[in-house]
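**Q** Have a peek at entry-v2.cif (mmCIF, C-alpha atoms).
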data_data
#
loop_
_atom_site.label_atom_id
_atom_site.label_comp_id
_atom_site.auth_asym_id
_atom_site.auth_seq_id
_atom_site.Cartn_x
_atom_site.Cartn_y
_atom_site.Cartn_z
CA MET E 1 -30.86 18.79 15.36
CA PRO E 2 -27.33 19.58 16.59
CA ILE E 3 -26.60 23.16 17.67
CA LEU E 4 -23.73 23.50 15.22
CA GLU E 5 -25.05 23.00 11.74
CA ASP E 6 -22.85 20.68 9.70
CA SER E 7 -21.99 20.70 6.02
CA LEU E 8 -22.61 17.72 3.77
CA ILE E 9 -19.72 15.41 3.07
CA GLN E 10 -18.76 15.44 -0.60
CA VAL E 11 -17.12 12.47 -2.33
CA GLY E 12 -16.49 13.35 -5.97
CA PRO E 13 -19.90 14.36 -7.34
CA TYR E 14 -21.81 12.65 -4.51
CA THR E 15 -22.94 14.23 -1.24
CA PHE E 16 -24.04 12.59 1.98
CA HIS E 17 -25.63 13.87 5.18
CA SER E 18 -24.48 10.92 7.24
CA ARG E 19 -20.79 10.66 8.03
CA LEU E 20 -21.12 6.97 8.81
CA PHE E 21 -20.44 4.57 5.94
CA VAL E 22 -21.09 0.89 6.59
CA GLY E 23 -20.10 -2.45 5.16
CA THR E 24 -22.41 -5.33 4.32
CA GLY E 25 -20.17 -8.31 5.16
CA LYS E 26 -20.41 -10.89 7.94
CA TYR E 27 -24.08 -10.43 8.87
CA ALA E 28 -25.96 -13.50 10.08
CA SER E 29 -28.72 -12.74 7.56
CA ASN E 30 -29.67 -10.26 4.87
CA THR E 31 -32.65 -9.03 6.87
CA LEU E 32 -30.44 -8.30 9.88
CA MET E 33 -28.08 -6.38 7.60
CA GLN E 34 -31.01 -4.41 6.22
CA GLU E 35 -32.21 -3.46 9.71
CA ALA E 36 -28.69 -2.41 10.70
CA ILE E 37 -28.30 -0.26 7.59
CA VAL E 38 -31.55 1.54 8.38
CA ALA E 39 -30.64 1.99 12.07
CA SER E 40 -27.22 3.40 11.17
CA GLY E 41 -28.73 6.16 9.05
CA THR E 42 -25.99 5.60 6.48
CA GLU E 43 -26.31 6.71 2.88
CA LEU E 44 -23.35 4.70 1.54
CA VAL E 45 -22.65 0.96 1.90
CA THR E 46 -19.78 -1.13 0.62
CA VAL E 47 -20.22 -4.40 -1.23
CA ALA E 48 -17.80 -6.94 -2.70
CA LEU E 49 -17.81 -8.69 -6.09
CA ARG E 50 -17.56 -12.45 -6.28
CA ARG E 51 -18.32 -15.25 -8.69
CA VAL E 52 -21.89 -16.54 -8.65
CA ASN E 53 -22.00 -20.04 -7.16
CA VAL E 54 -23.24 -21.97 -10.19
CA SER E 55 -24.10 -25.01 -8.09
CA ARG E 56 -26.47 -23.01 -5.91
CA SER E 57 -27.32 -19.77 -7.59
CA ASP E 58 -30.88 -19.05 -6.56
CA GLU E 59 -29.64 -17.00 -3.58
CA PRO E 60 -31.42 -13.64 -3.39
CA SER E 61 -29.41 -10.63 -4.51
CA LEU E 62 -27.80 -8.73 -1.66
CA LEU E 63 -28.82 -5.48 -3.30
CA ASN E 64 -32.49 -6.31 -2.73
CA PHE E 65 -31.82 -5.72 0.97
CA VAL E 66 -30.19 -2.31 0.59
CA PRO E 67 -32.71 0.55 0.78
CA PRO E 68 -32.96 2.28 -2.62
CA SER E 69 -31.91 5.66 -1.17
CA VAL E 70 -28.54 4.21 -0.11
CA LYS E 71 -25.65 4.46 -2.55
CA ILE E 72 -23.58 1.35 -3.33
CA LEU E 73 -19.80 1.44 -3.04
CA PRO E 74 -18.26 -1.69 -4.60
CA ASN E 75 -14.83 -2.63 -3.25
CA THR E 76 -11.82 -4.38 -4.76
CA ALA E 77 -11.29 -6.49 -1.64
CA GLY E 78 -9.05 -9.47 -2.25
CA CYS E 79 -7.04 -7.79 -5.01
CA TYR E 80 -3.26 -8.04 -4.74
CA THR E 81 -2.31 -6.48 -8.08
CA VAL E 82 -3.17 -3.29 -9.97
CA GLU E 83 -4.56 -5.40 -12.84
CA ASP E 84 -6.94 -7.32 -10.56
CA ALA E 85 -8.19 -4.10 -8.99
CA LEU E 86 -8.79 -2.53 -12.42
CA LEU E 87 -10.69 -5.62 -13.58
CA VAL E 88 -12.93 -5.66 -10.50
CA ALA E 89 -13.62 -1.94 -10.90
CA ASP E 90 -14.52 -2.47 -14.56
CA LEU E 91 -16.82 -5.36 -13.61
CA ALA E 92 -18.55 -3.24 -10.97
CA ARG E 93 -19.13 -0.50 -13.51
CA ALA E 94 -20.33 -3.06 -16.06
CA ALA E 95 -22.85 -4.34 -13.50
CA GLY E 96 -24.49 -0.93 -13.64
CA ILE E 97 -23.51 0.40 -10.24
CA GLY E 98 -21.82 3.52 -11.54
CA ASP E 99 -18.32 4.91 -11.27
CA LEU E 100 -17.83 4.81 -7.49
CA ILE E 101 -15.21 2.33 -6.31
CA LYS E 102 -13.47 1.58 -3.03
CA LEU E 103 -9.92 0.69 -4.01
CA GLU E 104 -8.11 -1.92 -1.94
CA VAL E 105 -4.80 -3.33 -3.13
CA ILE E 106 -3.55 -5.61 -0.40
CA ALA E 107 0.06 -6.65 0.14
CA ASP E 108 -0.12 -8.93 3.17
CA SER E 109 -2.78 -11.58 3.66
CA ILE E 110 -2.30 -11.79 7.44
CA LEU E 111 -2.64 -8.08 8.15
CA LEU E 112 -4.69 -7.21 5.04
CA TRP E 113 -2.32 -4.25 4.89
CA PRO E 114 -2.57 -2.08 1.77
CA ASP E 115 0.33 -2.09 -0.67
CA PRO E 116 1.29 1.60 -0.73
CA ILE E 117 3.01 1.56 -4.13
CA LEU E 118 0.41 -0.51 -5.99
CA THR E 119 -2.41 1.44 -4.30
CA LEU E 120 -1.02 4.71 -5.67
CA GLN E 121 -0.51 3.20 -9.14
CA ALA E 122 -4.03 1.76 -9.19
CA THR E 123 -5.48 5.10 -8.03
CA GLU E 124 -3.82 6.89 -10.96
CA ARG E 125 -5.12 4.30 -13.44
CA LEU E 126 -8.69 4.30 -12.07
CA VAL E 127 -8.88 8.10 -12.00
CA ALA E 128 -7.71 8.14 -15.63
CA LYS E 129 -10.55 5.71 -16.46
CA GLY E 130 -13.10 8.07 -14.95
CA PHE E 131 -13.80 6.30 -11.66
CA THR E 132 -14.61 8.12 -8.43
CA VAL E 133 -12.02 6.40 -6.26
CA MET E 134 -12.20 6.08 -2.48
CA VAL E 135 -8.82 4.70 -1.49
CA TYR E 136 -8.13 2.36 1.42
CA THR E 137 -4.61 3.17 2.58
CA THR E 138 -2.02 2.89 5.31
CA PRO E 139 -2.10 5.72 7.88
CA ASP E 140 0.86 7.43 6.21
CA PRO E 141 0.57 11.21 5.79
CA ILE E 142 2.87 11.40 2.76
CA LEU E 143 1.14 8.58 0.89
CA ALA E 144 -2.21 10.15 1.77
CA LYS E 145 -1.08 13.40 0.15
CA HIS E 146 0.16 11.53 -2.94
CA LEU E 147 -3.25 9.83 -3.22
CA GLU E 148 -5.05 13.16 -3.00
CA ASP E 149 -2.76 14.60 -5.67
CA ALA E 150 -3.40 11.52 -7.85
CA GLY E 151 -7.10 12.36 -7.86
CA ALA E 152 -8.54 10.16 -5.12
CA ALA E 153 -12.06 11.31 -4.19
CA ALA E 154 -11.51 10.19 -0.58
CA VAL E 155 -8.45 9.04 1.34
CA MET E 156 -9.29 6.22 3.77
CA PRO E 157 -6.54 5.37 6.26
CA LEU E 158 -6.91 2.28 8.43
CA GLY E 159 -7.27 2.67 12.19
CA SER E 160 -6.01 -0.88 12.77
CA PRO E 161 -6.15 -4.10 10.70
CA ILE E 162 -9.46 -4.91 8.95
CA GLY E 163 -11.89 -6.74 11.20
CA SER E 164 -9.53 -6.62 14.20
CA GLY E 165 -11.64 -4.28 16.35
CA GLN E 166 -8.46 -2.84 17.85
CA GLY E 167 -9.70 0.71 17.36
CA ILE E 168 -7.49 3.57 16.21
CA ILE E 169 -4.00 2.65 17.26
CA ASP E 170 -2.44 6.00 16.30
CA ILE E 171 -4.93 8.84 16.37
CA GLU E 172 -2.09 11.31 15.72
CA ALA E 173 -1.62 9.66 12.31
CA ILE E 174 -5.23 10.51 11.48
CA ARG E 175 -4.66 14.12 12.60
CA ARG E 176 -1.49 14.38 10.51
CA ILE E 177 -3.31 13.08 7.44
CA LYS E 178 -6.23 15.44 8.00
CA GLU E 179 -3.83 18.40 8.25
CA ARG E 180 -2.29 17.52 4.89
CA VAL E 181 -5.21 16.17 2.85
CA THR E 182 -7.24 19.33 2.46
CA ARG E 183 -9.25 18.92 -0.74
CA VAL E 184 -10.98 15.55 -0.26
CA PRO E 185 -12.53 13.75 2.72
CA VAL E 186 -10.45 11.66 5.09
CA VAL E 187 -12.40 8.55 6.10
CA VAL E 188 -11.16 6.24 8.85
CA ASP E 189 -11.70 2.79 7.39
CA ALA E 190 -11.01 -0.47 9.22
CA GLY E 191 -10.27 -1.31 12.82
CA ILE E 192 -13.14 0.44 14.59
CA GLY E 193 -14.32 -1.94 17.32
CA GLY E 194 -16.77 0.06 19.40
CA ALA E 195 -18.78 3.26 19.31
CA ALA E 196 -16.11 5.18 21.26
CA ASP E 197 -13.58 4.46 18.48
CA ALA E 198 -15.87 6.10 15.93
CA ALA E 199 -16.28 9.15 18.20
CA VAL E 200 -12.52 9.43 18.69
CA ALA E 201 -11.92 9.35 14.93
CA MET E 202 -14.51 12.05 14.30
CA GLU E 203 -13.33 14.21 17.19
CA ALA E 204 -9.81 14.08 15.74
CA GLY E 205 -11.18 15.60 12.54
CA ALA E 206 -11.94 12.63 10.30
CA ASP E 207 -14.65 13.55 7.79
CA ALA E 208 -16.35 10.14 8.10
CA VAL E 209 -15.80 6.59 9.28
CA LEU E 210 -16.44 3.28 7.54
CA VAL E 211 -17.56 0.46 9.84
CA ASN E 212 -18.41 -3.15 9.04
CA THR E 213 -17.33 -5.84 11.51
CA ALA E 214 -17.96 -3.76 14.64
CA ILE E 215 -21.64 -3.60 13.70
CA ALA E 216 -22.08 -7.00 12.02
CA LEU E 217 -20.43 -8.98 14.83
CA ALA E 218 -21.87 -7.00 17.75
CA LYS E 219 -24.18 -8.98 20.04
CA ASN E 220 -26.98 -6.76 18.78
CA PRO E 221 -25.97 -5.41 15.36
CA VAL E 222 -29.01 -3.16 14.95
CA ALA E 223 -28.47 -1.48 18.33
CA MET E 224 -24.74 -1.13 17.55
CA ALA E 225 -25.56 0.45 14.20
CA GLU E 226 -27.58 3.09 16.03
CA ALA E 227 -24.84 3.53 18.63
CA MET E 228 -22.35 4.17 15.81
CA LYS E 229 -24.71 6.76 14.35
CA TRP E 230 -24.78 8.69 17.62
CA ALA E 231 -21.04 8.23 18.19
CA VAL E 232 -20.21 9.69 14.79
CA MET E 233 -22.51 12.65 15.43
CA ALA E 234 -21.12 13.20 18.94
CA GLY E 235 -17.53 13.04 17.70
CA ARG E 236 -18.28 15.36 14.80
CA GLN E 237 -20.03 17.91 17.02
CA GLY E 238 -17.12 17.67 19.45
CA TYR E 239 -14.72 18.44 16.61
CA LEU E 240 -16.82 21.38 15.35
CA ALA E 241 -17.23 22.71 18.90
CA GLY E 242 -13.45 22.89 19.32
CA ARG E 243 -11.79 20.88 22.01
CA MET E 244 -10.06 22.63 24.92
CA PRO E 245 -6.26 22.52 24.89
CA LYS E 246 -4.55 19.91 27.07
CA ARG E 247 -2.58 21.09 30.12
CA GLN E 248 0.21 19.44 32.04
CA GLU E 249 -1.18 20.45 35.43
CA ALA E 250 -4.53 20.89 37.11
CA GLU E 251 -6.55 24.07 36.87
CA ALA E 252 -9.35 24.37 39.38
CA SER E 253 -12.87 24.64 38.06
CA SER E 254 -14.11 26.25 41.29
CA PRO E 255 -13.12 29.78 42.37
CA GLN E 256 -9.90 30.04 44.32
CA SER E 257 -11.10 33.09 46.26
CA GLY E 258 -13.57 33.03 49.14
CA ARG E 259 -12.72 29.51 50.18
CA VAL E 260 -14.13 28.38 53.52
CA GLU E 261 -11.49 27.26 55.95
CA ALA E 262 -11.90 25.70 59.37
CA TYR E 263 -10.30 27.57 62.28
CA GLY E 264 -8.90 25.88 65.30
CA GLY E 265 -9.03 22.16 65.36
CA LEU E 266 -11.44 19.58 66.63
CA MET R 1 -22.24 -27.08 -25.97
CA THR R 2 -19.40 -27.42 -23.50
CA LEU R 3 -18.61 -24.27 -21.52
CA THR R 4 -16.49 -23.31 -18.55
CA VAL R 5 -18.64 -21.31 -16.15
CA ASN R 6 -16.88 -19.69 -13.21
CA GLY R 7 -14.10 -22.22 -13.57
CA GLU R 8 -16.39 -25.27 -13.68
CA PRO R 9 -16.89 -27.33 -16.86
CA LYS R 10 -20.57 -27.46 -17.83
CA VAL R 11 -22.32 -29.22 -20.67
CA MET R 12 -25.28 -27.06 -21.57
CA ALA R 13 -28.14 -28.01 -23.84
CA ALA R 14 -30.45 -25.30 -25.17
CA VAL R 15 -28.14 -22.46 -24.25
CA THR R 16 -27.04 -20.19 -27.06
CA THR R 17 -26.67 -16.77 -25.41
CA VAL R 18 -25.31 -15.31 -22.19
CA GLY R 19 -28.91 -14.42 -21.33
CA ASN R 20 -29.91 -18.11 -21.60
CA LEU R 21 -27.02 -19.02 -19.31
CA LEU R 22 -28.05 -16.50 -16.65
CA ASP R 23 -31.61 -17.79 -16.81
CA HIS R 24 -30.39 -21.38 -16.50
CA PHE R 25 -28.58 -20.56 -13.27
CA GLY R 26 -31.40 -18.38 -11.99
CA VAL R 27 -29.24 -15.24 -11.99
CA SER R 28 -31.03 -11.92 -12.38
CA HIS R 29 -29.87 -9.88 -15.37
CA GLN R 30 -29.84 -6.84 -13.10
CA THR R 31 -26.60 -5.94 -11.32
CA VAL R 32 -24.60 -8.83 -12.69
CA ALA R 33 -21.35 -8.60 -14.62
CA VAL R 34 -20.35 -11.13 -17.25
CA MET R 35 -17.05 -11.86 -18.97
CA VAL R 36 -16.73 -14.12 -21.99
CA ASP R 37 -13.19 -15.29 -22.72
CA GLY R 38 -11.84 -12.50 -20.54
CA VAL R 39 -13.85 -9.71 -22.19
CA ILE R 40 -16.45 -7.81 -20.17
CA ILE R 41 -19.84 -7.79 -21.88
CA ALA R 42 -21.61 -4.44 -21.79
CA ARG R 43 -24.90 -4.60 -19.91
CA GLU R 44 -27.06 -3.90 -22.91
CA HIS R 45 -25.47 -6.82 -24.78
CA VAL R 46 -25.55 -9.43 -22.00
CA ALA R 47 -28.90 -10.93 -23.00
CA ASN R 48 -28.04 -11.40 -26.68
CA THR R 49 -24.32 -12.19 -26.71
CA LEU R 50 -23.86 -15.53 -28.47
CA LEU R 51 -21.80 -18.26 -26.84
CA HIS R 52 -19.48 -20.59 -28.70
CA GLU R 53 -18.23 -24.11 -28.01
CA GLY R 54 -15.50 -24.05 -25.36
CA ALA R 55 -16.21 -20.48 -24.21
CA SER R 56 -15.09 -19.49 -20.74
CA ILE R 57 -17.69 -17.42 -18.88
CA GLU R 58 -17.40 -15.56 -15.61
CA ILE R 59 -20.61 -14.49 -13.88
CA ILE R 60 -19.95 -11.97 -11.13
CA ARG R 61 -22.34 -10.43 -8.66
CA PHE R 62 -22.40 -8.32 -5.52
CA VAL R 63 -22.05 -9.94 -2.13
CA GLY R 64 -21.60 -8.62 1.39
CA GLY R 65 -18.26 -6.94 1.99
CA GLY R 66 -16.54 -4.13 3.81
#
Show this structure as structure tokens.
**A**
Amino acid sequence: MPILEDSLIQVGPYTFHSRLFVGTGKYASNTLMQEAIVASGTELVTVALRRVNVSRSDEPSLLNFVPPSVKILPNTAGCYTVEDALLVADLARAAGIGDLIKLEVIADSILLWPDPILTLQATERLVAKGFTVMVYTTPDPILAKHLEDAGAAAVMPLGSPIGSGQGIIDIEAIRRIKERVTRVPVVVDAGIGGAADAAVAMEAGADAVLVNTAIALAKNPVAMAEAMKWAVMAGRQGYLAGRMPKRQEAEASSPQSGRVEAYGGL
Amino acid sequence: MTLTVNGEPKVMAAVTTVGNLLDHFGVSHQTVAVMVDGVIIAREHVANTLLHEGASIEIIRFVGGG
């Protein structure tokens, strides 16, 4: 147990002990994904919605490989319009998963960059329909505030483009968002490439991180899932412990008095 | 009856309901979403919703994603 006791993270009506959320895409197999989920200690995993392949539809359901204690967060990945995002959210709810949705409204297929205007509009519509909306967004502090005011249950700025593994390009952007979004969690979503990136995000004050590719495409995904678990805890404890202020110049750690000095020469 | 299922034309014998269709394709009735002619079918009605000639059906399920 860490020395500093932590609070639970609250997303709408749901609470989680683990501040690591993980995706389920890109795994070599369902069993590998299952092992990684368990090793990560996560309590929330994202999934996508797609058409059943009617030529080959006896594939086992992905959800059979998610431990029953883990909550499912369907995403609207691949949506480029408000209407598409609303339809996917309605389908997810119709499939019996509940009202939790990860909203993605993308504007650029190369960068998978969120469309700020459509994302805000879709957030307002989904909140009005009773969804608990976790919103994937650009790392823009003003948009983040608008999303919180629109009723988002979590604001999820990207660290760098989805699946790029570039880490958190502008950690100050995460700090600025965290200073302004005060009522709901800030979750760094997308771009985390290694365990250190997750620790940096948490140390900067993020309430959680969402990781998919960095685990799924690691040489050893199960070991990386565990590394992410520790990194998130280390970063969080570092944040709670309170980092020392930065200084321009050196300050000796050893006493400056009573120093031993040679006399004479050789 | 001729149907369009997930964009593909299908001629289906012995299929009268959405439930029959799911069974035909080996799709579990759990955690699946179905639209008929653009209208989402509520879970409790999926099994018994009747299909008509020329209906367009979308069968959606959860897959891995981030």
**Q** Run through the PyMOL selection byres ((chain E) within 6 of (chain R)) on the given coordinates and return the selected residues as a ChimeraX atom specification.
**A** /E:23-25,46-52,57-58,62,91,94-96,212
**Q** Just the number, please: distance in Å from atom CA of E:Lys102 to atom CA of E:Asp90, one decimal.
**A**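 According to the coordinates, atom CA of E:Lys102 and atom CA of E:Asp90 are separated by 12.3 Å.
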**Q** Evaluate the PyMOL selection byres ((chain E and resi 168) around 7) here and jot the selected residues down as a PyMOL selection string.
**A** chain E and resi 159-160+166-167+169-171+191-192+197
**Q** Excluding same-chain residues fewer than 6 positions from E:Ile37, what lies within 10 Å of it counting all atoms listed in the file, as a compact mmCIF listing (two decimals) with C-alpha atoms, in the frame of the given file?
**A**
# COMPACT_ATOMS: atom_id res chain seq x y z
CA PHE E 21 -20.44 4.57 5.94
CA VAL E 22 -21.09 0.89 6.59
CA GLY E 23 -20.10 -2.45 5.16
CA THR E 24 -22.41 -5.33 4.32
CA THR E 31 -32.65 -9.03 6.87
CA GLU E 43 -26.31 6.71 2.88
CA LEU E 44 -23.35 4.70 1.54
CA VAL E 45 -22.65 0.96 1.90
CA PHE E 65 -31.82 -5.72 0.97
CA VAL E 66 -30.19 -2.31 0.59
CA PRO E 67 -32.71 0.55 0.78
CA VAL E 70 -28.54 4.21 -0.11
CA ILE E 215 -21.64 -3.60 13.70
CA PRO E 221 -25.97 -5.41 15.36
CA VAL E 222 -29.01 -3.16 14.95
CA ALA E 225 -25.56 0.45 14.20
CA GLU E 226 -27.58 3.09 16.03
**Q** At what distance in Å, to one decimal, does atom CA of E:Val211 lie from atom CA of E:Ala231?
**A** 11.9 Å
**Q** List every protein, DNA or RNA residue with an atom no more than 12 Å from (-3.0, 15.9, 8.4) in the file's coordinates, counting only C-alpha atoms, and format the result as a tab-separated table (two decimals) with C-alpha atoms, in the coordinates of the input.
**A**
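Listing of point-v6.tsv after writing:
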chain	number	residue	atom	x	y	z
E	139	PRO	CA	-2.10	5.72	7.88
E	140	ASP	CA	0.86	7.43	6.21
E	141	PRO	CA	0.57	11.21	5.79
E	142	ILE	CA	2.87	11.40	2.76
E	143	LEU	CA	1.14	8.58	0.89
E	144	ALA	CA	-2.21	10.15	1.77
E	145	LYS	CA	-1.08	13.40	0.15
E	148	GLU	CA	-5.05	13.16	-3.00
E	155	VAL	CA	-8.45	9.04	1.34
E	157	PRO	CA	-6.54	5.37	6.26
E	171	ILE	CA	-4.93	8.84	16.37
E	172	GLU	CA	-2.09	11.31	15.72
E	173	ALA	CA	-1.62	9.66	12.31
E	174	ILE	CA	-5.23	10.51	11.48
E	175	ARG	CA	-4.66	14.12	12.60
E	176	ARG	CA	-1.49	14.38	10.51
E	177	ILE	CA	-3.31	13.08	7.44
E	178	LYS	CA	-6.23	15.44	8.00
E	179	GLU	CA	-3.83	18.40	8.25
E	180	ARG	CA	-2.29	17.52	4.89
E	181	VAL	CA	-5.21	16.17	2.85
E	182	THR	CA	-7.24	19.33	2.46
E	183	ARG	CA	-9.25	18.92	-0.74
E	184	VAL	CA	-10.98	15.55	-0.26
E	185	PRO	CA	-12.53	13.75	2.72
E	186	VAL	CA	-10.45	11.66	5.09
E	204	ALA	CA	-9.81	14.08	15.74
E	205	GLY	CA	-11.18	15.60	12.54
E	206	ALA	CA	-11.94	12.63	10.30
E	207	ASP	CA	-14.65	13.55	7.79
**Q** Report, in Å to a single decimal, how far apart atom CA of E:Pro74 and atom CA of R:Ala55 are.
**A** 27.2 Å
**Q** Can you tell me which residues surround stretch 129-138 of chain E at a distance of at most 7 Å, considering all atoms listed in the file, apart from same-chain residues fewer than 5 positions away, and format the answer as a list in words?
**A**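 Final neighbour list, sorted by chain and number: Gly12, Asp99, Leu100, Ile101, Lys102, Leu103, Glu104, Pro114, Pro116, Thr123, Ala152, Ala153, Ala154, Val155, Met156, Pro157, Leu158 and Asp189 of chain E.
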